[in-house]
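As stored in final_25.csv (CSV, C-alpha atoms and all ligand atoms):
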chain,number,residue,atom,x,y,z
P,15,MET,CA,32.9,4.7,44.9
P,16,PRO,CA,32.0,7.0,42.0
P,17,ARG,CA,34.2,10.1,42.1
P,18,ASP,CA,32.9,13.5,42.9
P,19,TYR,CA,31.6,15.0,39.7
P,20,TYR,CA,33.0,18.4,40.4
P,21,GLU,CA,36.4,16.8,41.0
P,22,VAL,CA,36.1,14.8,37.8
P,23,LEU,CA,35.7,17.9,35.7
P,24,GLY,CA,38.0,19.9,37.9
P,25,VAL,CA,35.6,22.7,38.6
P,26,GLN,CA,34.4,24.5,41.7
P,27,LYS,CA,31.1,23.6,43.3
P,28,ASP,CA,29.6,27.0,42.2
P,29,ALA,CA,30.9,26.8,38.6
P,30,ASP,CA,28.4,28.2,36.1
P,31,ALA,CA,27.2,26.4,33.0
P,32,PRO,CA,29.8,27.8,30.5
P,33,THR,CA,32.6,26.8,32.8
P,34,ILE,CA,31.3,23.3,33.2
P,35,LYS,CA,30.8,22.9,29.4
P,36,LYS,CA,34.4,24.2,28.8
P,37,ALA,CA,35.8,21.7,31.4
P,38,PHE,CA,33.9,18.8,29.8
P,39,LYS,CA,35.2,19.7,26.4
P,40,LYS,CA,38.7,19.8,27.7
P,41,ALA,CA,38.3,16.4,29.4
P,42,ALA,CA,36.5,14.8,26.4
P,43,ARG,CA,39.3,15.9,24.1
P,44,LYS,CA,41.9,14.5,26.4
P,45,PHE,CA,40.2,11.1,26.8
P,46,HIS,CA,38.5,10.8,23.4
P,47,PRO,CA,38.5,7.1,22.4
P,48,ASP,CA,39.7,7.9,18.9
P,49,LEU,CA,42.7,9.7,20.2
P,50,ASN,CA,43.4,6.9,22.7
P,51,PRO,CA,43.0,3.6,20.8
P,52,ASP,CA,43.2,0.5,22.9
P,53,ASN,CA,43.4,2.4,26.1
P,54,PRO,CA,40.7,1.2,28.4
P,55,GLU,CA,41.7,3.7,31.1
P,56,ALA,CA,41.1,6.6,28.8
P,57,GLU,CA,37.7,5.1,27.9
P,58,VAL,CA,36.8,4.9,31.6
P,59,SER,CA,37.9,8.6,32.1
P,60,PHE,CA,35.9,9.6,29.0
P,61,LYS,CA,32.8,7.9,30.4
P,62,GLU,CA,33.4,9.4,33.8
P,63,ALA,CA,33.6,12.9,32.4
P,64,SER,CA,30.5,12.4,30.3
P,65,GLU,CA,28.6,11.2,33.3
P,66,ALA,CA,29.7,14.2,35.3
P,67,TYR,CA,28.7,16.5,32.5
P,68,ASP,CA,25.4,14.8,32.1
P,69,VAL,CA,24.5,15.6,35.7
P,70,LEU,CA,26.1,19.0,36.2
P,71,SER,CA,24.8,20.4,32.9
P,72,LYS,CA,21.2,19.6,33.9
P,73,PRO,CA,19.9,21.9,36.6
P,74,GLU,CA,17.4,19.4,38.0
P,75,LYS,CA,20.0,16.6,38.3
P,76,ARG,CA,22.7,18.9,39.6
P,77,LYS,CA,20.4,20.1,42.4
P,78,VAL,CA,19.7,16.5,43.5
P,79,TYR,CA,23.4,15.7,43.3
P,80,ASP,CA,24.4,18.8,45.3
P,81,GLN,CA,21.9,17.8,48.0
P,82,TYR,CA,22.1,14.0,48.1
P,83,GLY,CA,25.1,13.0,46.1
P,84,HIS,CA,25.4,9.9,43.9
P,85,GLU,CA,22.9,7.8,45.8
P,86,GLY,CA,20.4,10.6,45.5
P,87,LEU,CA,20.6,10.4,41.7
P,88,HIS,CA,20.4,6.7,41.9
P,89,GLY,CA,17.3,6.8,44.0
P,90,ARG,CA,15.5,9.1,41.5
P,91,GLY,CA,16.6,7.1,38.5
P,92,PHE,CA,18.8,10.1,37.4
P,93,ASP,CA,21.9,7.8,37.1
P,94,PRO,CA,23.8,8.8,34.0
P,95,ASN,CA,23.9,5.3,32.8
P,96,PHE,CA,25.9,5.2,29.6
P,97,THR,CA,26.2,1.6,28.7
P,98,ASP,CA,28.8,2.2,26.1
P,99,ILE,CA,30.7,4.9,24.2
P,100,ASN,CA,28.1,5.0,21.5
P,101,ASP,CA,25.5,6.1,24.1
P,102,ILE,CA,27.7,9.1,24.9
P,103,PHE,CA,28.1,10.0,21.3
P,104,SER,CA,24.3,9.9,20.8
P,105,ALA,CA,23.8,12.0,24.0
P,106,PHE,CA,26.3,14.7,23.4
P,107,GLY,CA,27.3,14.4,19.7
P,108,ASP,CA,25.2,17.3,18.6
P,109,MET,CA,25.7,19.5,21.6
P,110,PHE,CA,27.3,22.3,19.6
P,111,GLY,CA,25.2,22.0,16.5
P,112,GLY,CA,28.1,21.0,14.3
P,113,GLY,CA,28.2,17.3,15.1
P,114,PHE,CA,30.8,15.5,17.1
P,115,SER,CA,33.7,15.9,14.7
P,116,ASP,CA,33.4,19.7,14.8
P,117,PHE,CA,33.3,19.5,18.6
P,118,PHE,CA,36.6,17.7,18.6
P,119,GLY,CA,38.2,19.8,16.0
P,120,GLY,CA,37.9,17.5,13.0
P,121,GLY,CA,39.3,14.1,12.6
P,122,GLY,CA,36.2,12.3,11.5
P,123,GLY,CA,34.3,11.6,14.7
P,124,ARG,CA,33.3,8.0,14.9
P,125,SER,CA,31.9,5.7,12.4
P,126,ARG,CA,28.7,4.2,13.7
P,127,SER,CA,27.6,1.0,12.2
P,128,ARG,CA,24.1,1.1,11.0
P,129,GLY,CA,21.6,-1.7,10.8
P,130,ARG,CA,23.3,-4.4,12.9
P,131,ARG,CA,23.3,-3.5,16.6
P,132,SER,CA,26.5,-3.1,18.5
P,133,PRO,CA,27.4,-5.9,21.0
P,134,LYS,CA,25.6,-5.6,24.3
P,135,ARG,CA,27.5,-4.7,27.4
P,136,GLY,CA,27.3,-7.2,30.4
P,137,ALA,CA,24.7,-6.8,33.1
P,138,ASP,CA,25.4,-5.0,36.3
P,139,LEU,CA,25.8,-7.0,39.5
P,140,GLU,CA,24.8,-5.9,43.0
P,141,MET,CA,26.3,-7.3,46.2
P,142,VAL,CA,25.4,-6.4,49.7
P,143,VAL,CA,28.4,-5.8,51.9
P,144,PRO,CA,27.8,-6.0,55.7
P,145,LEU,CA,29.8,-3.4,57.7
P,146,SER,CA,30.1,-2.8,61.4
P,147,PHE,CA,29.3,0.8,62.6
P,148,MET,CA,33.0,1.4,63.1
P,149,GLU,CA,34.0,0.1,59.7
P,150,ALA,CA,31.6,2.5,58.0
P,151,ALA,CA,32.7,5.4,60.3
P,152,LEU,CA,36.4,4.9,59.9
P,153,GLY,CA,36.7,3.2,56.5
P,154,VAL,CA,37.9,-0.3,55.8
P,155,THR,CA,39.3,-2.3,52.9
P,156,LYS,CA,37.5,-5.6,52.2
P,157,GLN,CA,38.6,-8.5,50.1
P,158,LEU,CA,35.5,-9.7,48.3
P,159,GLU,CA,34.9,-12.7,46.1
P,160,ILE,CA,32.5,-12.0,43.3
P,161,PRO,CA,31.0,-15.0,41.4
P,162,ARG,CA,30.2,-14.0,37.8
P,163,HIS,CA,30.6,-15.1,34.2
P,164,THR,CA,33.4,-14.4,31.8
P,165,HIS,CA,34.3,-15.3,28.2
P,166,CYS,CA,35.0,-18.9,27.5
P,167,GLU,CA,38.8,-19.1,26.8
P,168,THR,CA,38.5,-22.1,24.5
P,169,CYS,CA,36.3,-20.3,22.0
P,170,ASP,CA,37.2,-16.7,23.0
P,171,GLY,CA,33.5,-16.0,23.7
P,172,GLY,CA,32.4,-16.9,20.2
P,173,GLY,CA,30.9,-20.2,21.2
P,174,LEU,CA,32.4,-22.0,18.2
P,175,LYS,CA,34.5,-25.2,17.9
P,176,ASP,CA,38.0,-24.7,16.7
P,177,GLY,CA,38.0,-24.1,13.0
P,178,ALA,CA,34.2,-23.9,12.8
P,179,LYS,CA,32.5,-20.8,11.3
P,180,ALA,CA,29.3,-19.1,12.1
P,181,VAL,CA,27.0,-19.1,9.1
P,182,SER,CA,25.0,-16.2,7.9
P,183,CYS,CA,21.5,-16.3,9.5
P,184,GLY,CA,19.0,-17.7,7.1
P,185,THR,CA,16.1,-15.7,8.6
P,186,CYS,CA,17.5,-12.2,8.1
P,187,ALA,CA,20.2,-13.1,5.5
P,188,GLY,CA,22.8,-11.8,7.9
P,189,HIS,CA,21.3,-8.3,8.4
P,190,GLY,CA,20.3,-8.9,12.0
P,191,GLN,CA,17.0,-7.3,11.3
P,192,VAL,CA,13.8,-8.3,9.6
P,193,ILE,CA,11.1,-6.2,8.1
P,194,GLN,CA,7.5,-7.0,9.0
P,195,ALA,CA,4.6,-5.7,7.1
P,196,GLN,CA,1.5,-4.5,8.9
P,197,GLY,CA,-0.9,-3.1,6.5
P,198,PHE,CA,0.8,-0.1,4.9
P,199,LEU,CA,3.4,-0.1,7.6
P,200,ARG,CA,6.7,-1.8,7.3
P,201,ILE,CA,8.4,-2.3,10.7
P,202,ARG,CA,12.0,-3.1,11.0
P,203,THR,CA,12.7,-5.3,14.1
P,204,THR,CA,15.6,-7.4,15.5
P,205,CYS,CA,15.8,-10.8,13.9
P,206,PRO,CA,14.3,-13.3,16.3
P,207,ALA,CA,16.4,-16.2,15.0
P,208,CYS,CA,19.8,-14.7,15.6
P,209,GLN,CA,18.9,-12.0,18.1
P,210,GLY,CA,20.4,-9.4,15.8
P,211,GLN,CA,23.8,-11.0,15.4
P,212,GLY,CA,23.3,-11.9,11.8
P,213,LYS,CA,25.0,-15.2,12.3
P,214,THR,CA,24.0,-18.7,13.6
P,215,VAL,CA,26.0,-21.7,14.6
P,216,ASP,CA,25.3,-25.3,13.6
P,217,PRO,CA,24.7,-27.4,16.7
P,218,GLY,CA,27.7,-29.6,15.8
P,219,ASP,CA,30.0,-26.6,15.6
P,220,GLN,CA,29.4,-25.4,19.1
P,221,CYS,CA,32.3,-25.1,21.6
P,222,GLU,CA,32.2,-28.1,23.9
P,223,ASP,CA,33.6,-26.2,26.9
P,224,CYS,CA,30.7,-23.8,27.1
P,225,GLY,CA,28.1,-25.5,25.0
P,226,GLY,CA,28.1,-22.6,22.5
P,227,GLY,CA,27.1,-20.0,25.0
P,228,GLY,CA,30.6,-18.4,24.9
P,229,ARG,CA,30.8,-17.9,28.7
P,230,LYS,CA,31.7,-19.7,31.8
P,231,ARG,CA,31.6,-19.2,35.6
P,232,GLU,CA,34.4,-17.6,37.4
P,233,THR,CA,35.1,-16.0,40.8
P,234,ILE,CA,37.1,-12.8,40.9
P,235,GLU,CA,38.6,-11.2,44.0
P,236,ILE,CA,38.4,-7.5,44.4
P,237,GLU,CA,39.8,-5.1,46.9
P,238,ALA,CA,36.9,-2.9,48.0
P,239,ARG,CA,38.1,0.3,49.6
P,240,ILE,CA,35.3,1.7,51.7
P,241,PRO,CA,36.2,5.3,52.6
P,242,PRO,CA,35.5,6.7,56.0
P,243,GLY,CA,32.0,8.2,56.6
P,244,THR,CA,29.9,5.8,54.5
P,245,TYR,CA,26.5,4.8,55.6
P,246,GLY,CA,23.9,2.1,55.0
P,247,GLY,CA,22.3,2.0,51.6
P,248,LEU,CA,25.2,3.7,49.9
P,249,GLN,CA,26.3,2.1,46.7
P,250,ILE,CA,29.9,1.9,45.5
P,251,ARG,CA,30.4,1.2,41.8
P,252,HIS,CA,33.3,-0.9,40.5
P,253,PRO,CA,33.3,-0.4,36.7
P,254,GLY,CA,33.8,-3.5,34.6
P,255,LYS,CA,33.4,-6.0,37.5
P,256,GLY,CA,29.9,-7.1,36.6
P,257,GLU,CA,28.7,-9.8,34.2
P,258,VAL,CA,30.3,-10.6,30.9
P,259,GLY,CA,29.1,-8.8,27.8
P,260,GLU,CA,28.7,-10.0,24.3
P,261,PRO,CA,32.0,-10.6,22.5
P,262,GLY,CA,33.6,-7.2,21.9
P,263,ALA,CA,31.5,-5.4,24.6
P,264,PRO,CA,32.7,-4.6,28.1
P,265,HIS,CA,31.7,-6.3,31.3
P,266,GLY,CA,28.9,-4.6,33.3
P,267,ASP,CA,29.5,-2.8,36.6
P,268,LEU,CA,29.5,-4.1,40.1
P,269,TYR,CA,27.5,-2.2,42.7
P,270,LEU,CA,28.4,-2.8,46.3
P,271,THR,CA,25.5,-1.8,48.6
P,272,LEU,CA,26.6,-1.1,52.1
P,273,ASP,CA,24.6,-2.6,55.0
P,274,VAL,CA,25.8,-0.9,58.2
P,275,GLN,CA,25.0,-2.3,61.6
P,276,SER,CA,23.9,-0.1,64.4
P,277,HIS,CA,26.1,0.6,67.4
P,278,GLU,CA,25.5,0.0,71.1
P,279,VAL,CA,26.6,3.4,72.1
P,280,PHE,CA,27.0,5.7,69.1
P,281,LYS,CA,24.4,7.0,66.7
P,282,ARG,CA,25.1,8.8,63.4
P,283,ASP,CA,23.4,11.4,61.3
P,284,GLY,CA,25.6,12.1,58.3
P,285,ALA,CA,29.0,12.9,59.7
P,286,ASP,CA,27.7,13.9,63.1
P,287,VAL,CA,28.0,11.3,65.9
P,288,TYR,CA,25.7,11.3,69.0
P,289,VAL,CA,26.4,9.6,72.3
P,290,THR,CA,24.7,9.7,75.7
P,291,VAL,CA,27.0,9.6,78.7
P,292,PRO,CA,25.8,8.9,82.2
P,293,VAL,CA,27.7,11.1,84.7
P,294,PRO,CA,27.6,10.9,88.5
P,295,TYR,CA,25.4,13.5,90.1
P,296,ALA,CA,28.3,14.9,92.1
P,297,ILE,CA,30.3,15.7,89.0
P,298,MET,CA,27.3,17.3,87.3
P,299,ALA,CA,26.7,19.5,90.3
P,300,LEU,CA,30.4,20.3,91.2
P,301,GLY,CA,32.0,20.2,87.7
P,302,GLY,CA,35.0,18.1,86.7
P,303,GLU,CA,37.0,16.3,84.1
P,304,ILE,CA,35.7,13.1,82.5
P,305,CYS,CA,36.7,10.9,79.6
P,306,ILE,CA,34.1,10.3,76.9
P,307,PRO,CA,34.1,7.9,74.0
P,308,THR,CA,34.3,9.1,70.4
P,309,VAL,CA,34.6,7.0,67.3
P,310,HIS,CA,38.3,8.0,67.2
P,311,GLY,CA,39.0,7.0,70.8
P,312,GLU,CA,38.6,8.5,74.3
P,313,GLU,CA,38.6,12.3,74.6
P,314,PRO,CA,38.9,14.4,77.8
P,315,MET,CA,36.0,16.7,78.4
P,316,THR,CA,35.2,19.3,81.0
P,317,VAL,CA,31.8,19.2,82.8
P,318,LYS,CA,30.9,22.6,83.9
P,319,GLN,CA,29.7,23.2,87.4
P,320,GLY,CA,25.9,22.9,87.6
P,321,THR,CA,25.4,21.0,84.4
P,322,ALA,CA,21.7,19.9,83.9
P,323,SER,CA,20.8,16.4,83.0
P,324,GLY,CA,20.2,16.3,79.2
P,325,ASP,CA,22.7,19.1,78.4
P,326,VAL,CA,24.5,18.5,75.1
P,327,ILE,CA,28.1,19.4,74.6
P,328,LYS,CA,29.5,19.5,71.1
P,329,LEU,CA,33.1,18.5,70.3
P,330,ARG,CA,33.8,20.1,66.9
P,331,GLY,CA,35.5,18.0,64.3
P,332,LYS,CA,35.3,14.8,66.3
P,333,GLY,CA,32.6,13.1,64.3
P,334,THR,CA,33.2,11.0,61.2
P,335,ASP,CA,34.7,12.1,57.9
P,336,GLU,CA,32.5,14.0,55.5
P,337,LEU,CA,32.0,11.8,52.5
P,338,ARG,CA,31.6,14.7,50.1
P,339,ALA,CA,34.1,17.1,51.5
P,340,ARG,CA,37.3,15.2,52.1
P,341,GLY,CA,39.4,16.5,55.0
P,342,THR,CA,36.5,17.7,57.0
P,343,ARG,CA,34.7,16.0,59.9
P,344,GLY,CA,31.3,16.3,61.5
P,345,ASP,CA,30.8,17.0,65.2
P,346,HIS,CA,30.6,14.7,68.2
P,347,HIS,CA,27.5,15.5,70.3
P,348,VAL,CA,27.7,14.4,73.9
P,349,ARG,CA,24.4,14.3,75.9
P,350,LEU,CA,25.2,14.2,79.6
P,351,VAL,CA,22.6,12.6,81.9
P,352,VAL,CA,22.7,12.0,85.6
P,353,ASP,CA,23.8,8.5,86.4
P,354,VAL,CA,21.4,7.4,89.2
P,355,PRO,CA,22.9,4.6,91.2
P,356,THR,CA,20.7,1.5,91.5
P,357,GLU,CA,22.6,0.2,94.5
P,358,LEU,CA,23.8,2.4,97.3
P,359,SER,CA,26.4,1.6,100.0
P,360,GLU,CA,25.4,2.4,103.5
P,361,GLU,CA,27.7,5.4,103.5
P,362,GLU,CA,26.2,6.7,100.2
P,363,GLU,CA,22.7,6.3,101.5
P,364,ASP,CA,23.5,8.2,104.7
P,365,LEU,CA,25.1,11.0,102.8
P,366,LEU,CA,22.2,11.3,100.3
P,367,ARG,CA,19.6,11.4,103.2
P,368,LYS,CA,21.7,14.1,104.8
P,369,LEU,CA,21.7,16.0,101.5
P,370,ALA,CA,17.9,15.6,101.3
P,371,GLU,CA,17.6,17.0,104.8
P,372,ILE,CA,19.6,20.0,103.9
P,373,GLN,CA,17.6,20.6,100.8
P,374,SER,CA,14.5,20.2,103.1
P,375,VAL,CA,12.5,18.0,100.8
P,376,GLY,CA,11.5,15.9,103.8
P,377,VAL,CA,12.1,12.3,102.9
P,378,THR,CA,10.1,9.8,104.9
P,379,GLU,CA,11.2,6.3,105.9
P,380,LYS,CA,9.5,4.9,102.8
P,381,GLY,CA,11.1,7.3,100.4
P,382,PHE,CA,8.1,9.6,99.8
P,383,TRP,CA,9.3,13.1,99.0
P,384,LYS,CA,6.8,15.3,100.7
P,385,GLY,CA,8.4,18.7,100.0
P,386,LEU,CA,8.5,18.4,96.2
P,387,PHE,CA,4.8,19.0,95.7
P,388,GLU,CA,5.1,22.4,97.5
P,389,LYS,CA,7.9,23.4,95.1
P,390,PHE,CA,5.7,22.9,92.1
P,391,THR,CA,2.8,24.9,93.5
P,392,ILE,CA,4.7,28.1,94.2
V,1,ZN,ZN,33.5,-21.9,24.6
V,2,ZN,ZN,18.9,-13.4,11.8
What would the structure in this file look like if it were written as structure tokens?
Ligand SMILES: [Zn+2]
Ligand SMILES: [Zn+2]
Amino acid sequence: MPRDYYEVLGVQKDADAPTIKKAFKKAARKFHPDLNPDNPEAEVSFKEASEAYDVLSKPEKRKVYDQYGHEGLHGRGFDPNFTDINDIFSAFGDMFGGGFSDFFGGGGGRSRSRGRRSPKRGADLEMVVPLSFMEAALGVTKQLEIPRHTHCETCDGGGLKDGAKAVSCGTCAGHGQVIQAQGFLRIRTTCPACQGQGKTVDPGDQCEDCGGGGRKRETIEIEARIPPGTYGGLQIRHPGKGEVGEPGAPHGDLYLTLDVQSHEVFKRDGADVYVTVPVPYAIMALGGEICIPTVHGEEPMTVKQGTASGDVIKLRGKGTDELRARGTRGDHHVRLVVDVPTELSEEEEDLLRKLAEIQSVGVTEKGFWKGLFEKFTI
């Protein structure tokens, strides 16, 4: 589950642009990869803060996020999808006009290799996770097995036999790029022979365990914590649990897409829960205490005297957890309808006929209610 962007930057929901920028600068300094070498957690935090800033600093994206949250952004293709740190540097490097090193108070920024492209991050994976209505409403932890690829241990992802060396690509002379001439134009493109790596491997020098591909299949187990209040279609991201990247690049992300089953009794709209409860006519007419089902268990409820069929009673705070406002819950809406008995005992039938007589609706032997029509024509 991606964290709330306001929470990531530690700002209020109504924070103005300068406050958001200031908060991002603070977070970016703290987690800057150059200040946290070999610290993958800092890199994840740096990426998280950058994504939060990308969304909250753009009014259009922020509006969508405020209204629909993470999956709203995803649905509109507004995902801040930084595949690696260099993407972030190219997105925000010049945000204060003085380049990234000025932004971070000197220290040289980052050296970006030119010409040869950086190793590509692994592909994202998606997995559909079926959930019962109750699991989505109350939250659940699932152990999941994810089949994916990882680096071949034998060759450490390089695809080479022990002792073998990759040779400089003959097509591009190791540059990773070739220049094609088209009339007066000279176009620089990725070398088709080595896919931009600048190196190739002789067939005899390929690692035997992976056939030179540098990767093999594996199954990882993850513990997926589904928070209470989730719903169908929601995607939860597990960074770094996707497909293997090129050597030196991180794994892609894993997206868990929730598929929530419907419930026999309950319906949900956001954090609000709806239920229809049949109540005997006598209780509707006279009033009384009943027990009604909620997602959190049974709750006592008072039916007022003279309750009409279809009346809705709202139990505040008895719905599911609000996904975006932790600690708050939606409401439980109970629609009371008259429970009409399909089978009557002799005693019940006698009493009901007597009641009908008192109400002078004139029931005949066959059950035809004569008097009703008169009521409607008054
Ligand atoms: Zn290998
Ligand atoms: Zn090449």
> Using only C-alpha atoms, which residues sit within 12 Å of Arg229 (chain P) once same-chain residues fewer than 3 positions away are excluded, as a PyMOL selection string?
Replying inline: chain P and resi 136+162-174+221-226+232+257-261+265
>> Counting all atoms listed in the file, what are the residues, protein, DNA or RNA alike, that approach ligand ZN 2 (chain V) to within 7 Å? I want them as a ChimeraX atom specification.
In response: /P:183-191,205-213
> Quick one: distance from CA of Gln319 (chain P) to CA of Leu358 (chain P) in Å, one decimal?
Replying inline: 23.8 Å
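Picture a line from CA of His277 (chain P) to CA of Ser146 (chain P); it runs 8.0 Å.
Near Asp216 (chain P), within 9 Å and counting only C-alpha atoms, sit Lys179, Ala180 and Val181 of chain P; same-chain residues fewer than 5 positions away were not included.
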>> So that I can see what lies close to region 304-310 of chain P, please list as a PyMOL selection string the residues with an atom at most 10 Å from it, counting all atoms listed in the file and leaving out residues fewer than 3 positions away in the same chain.
In response: chain P and resi 147-148+151-152+279-280+287-293+297+301+313-317+329+332-334+346-348
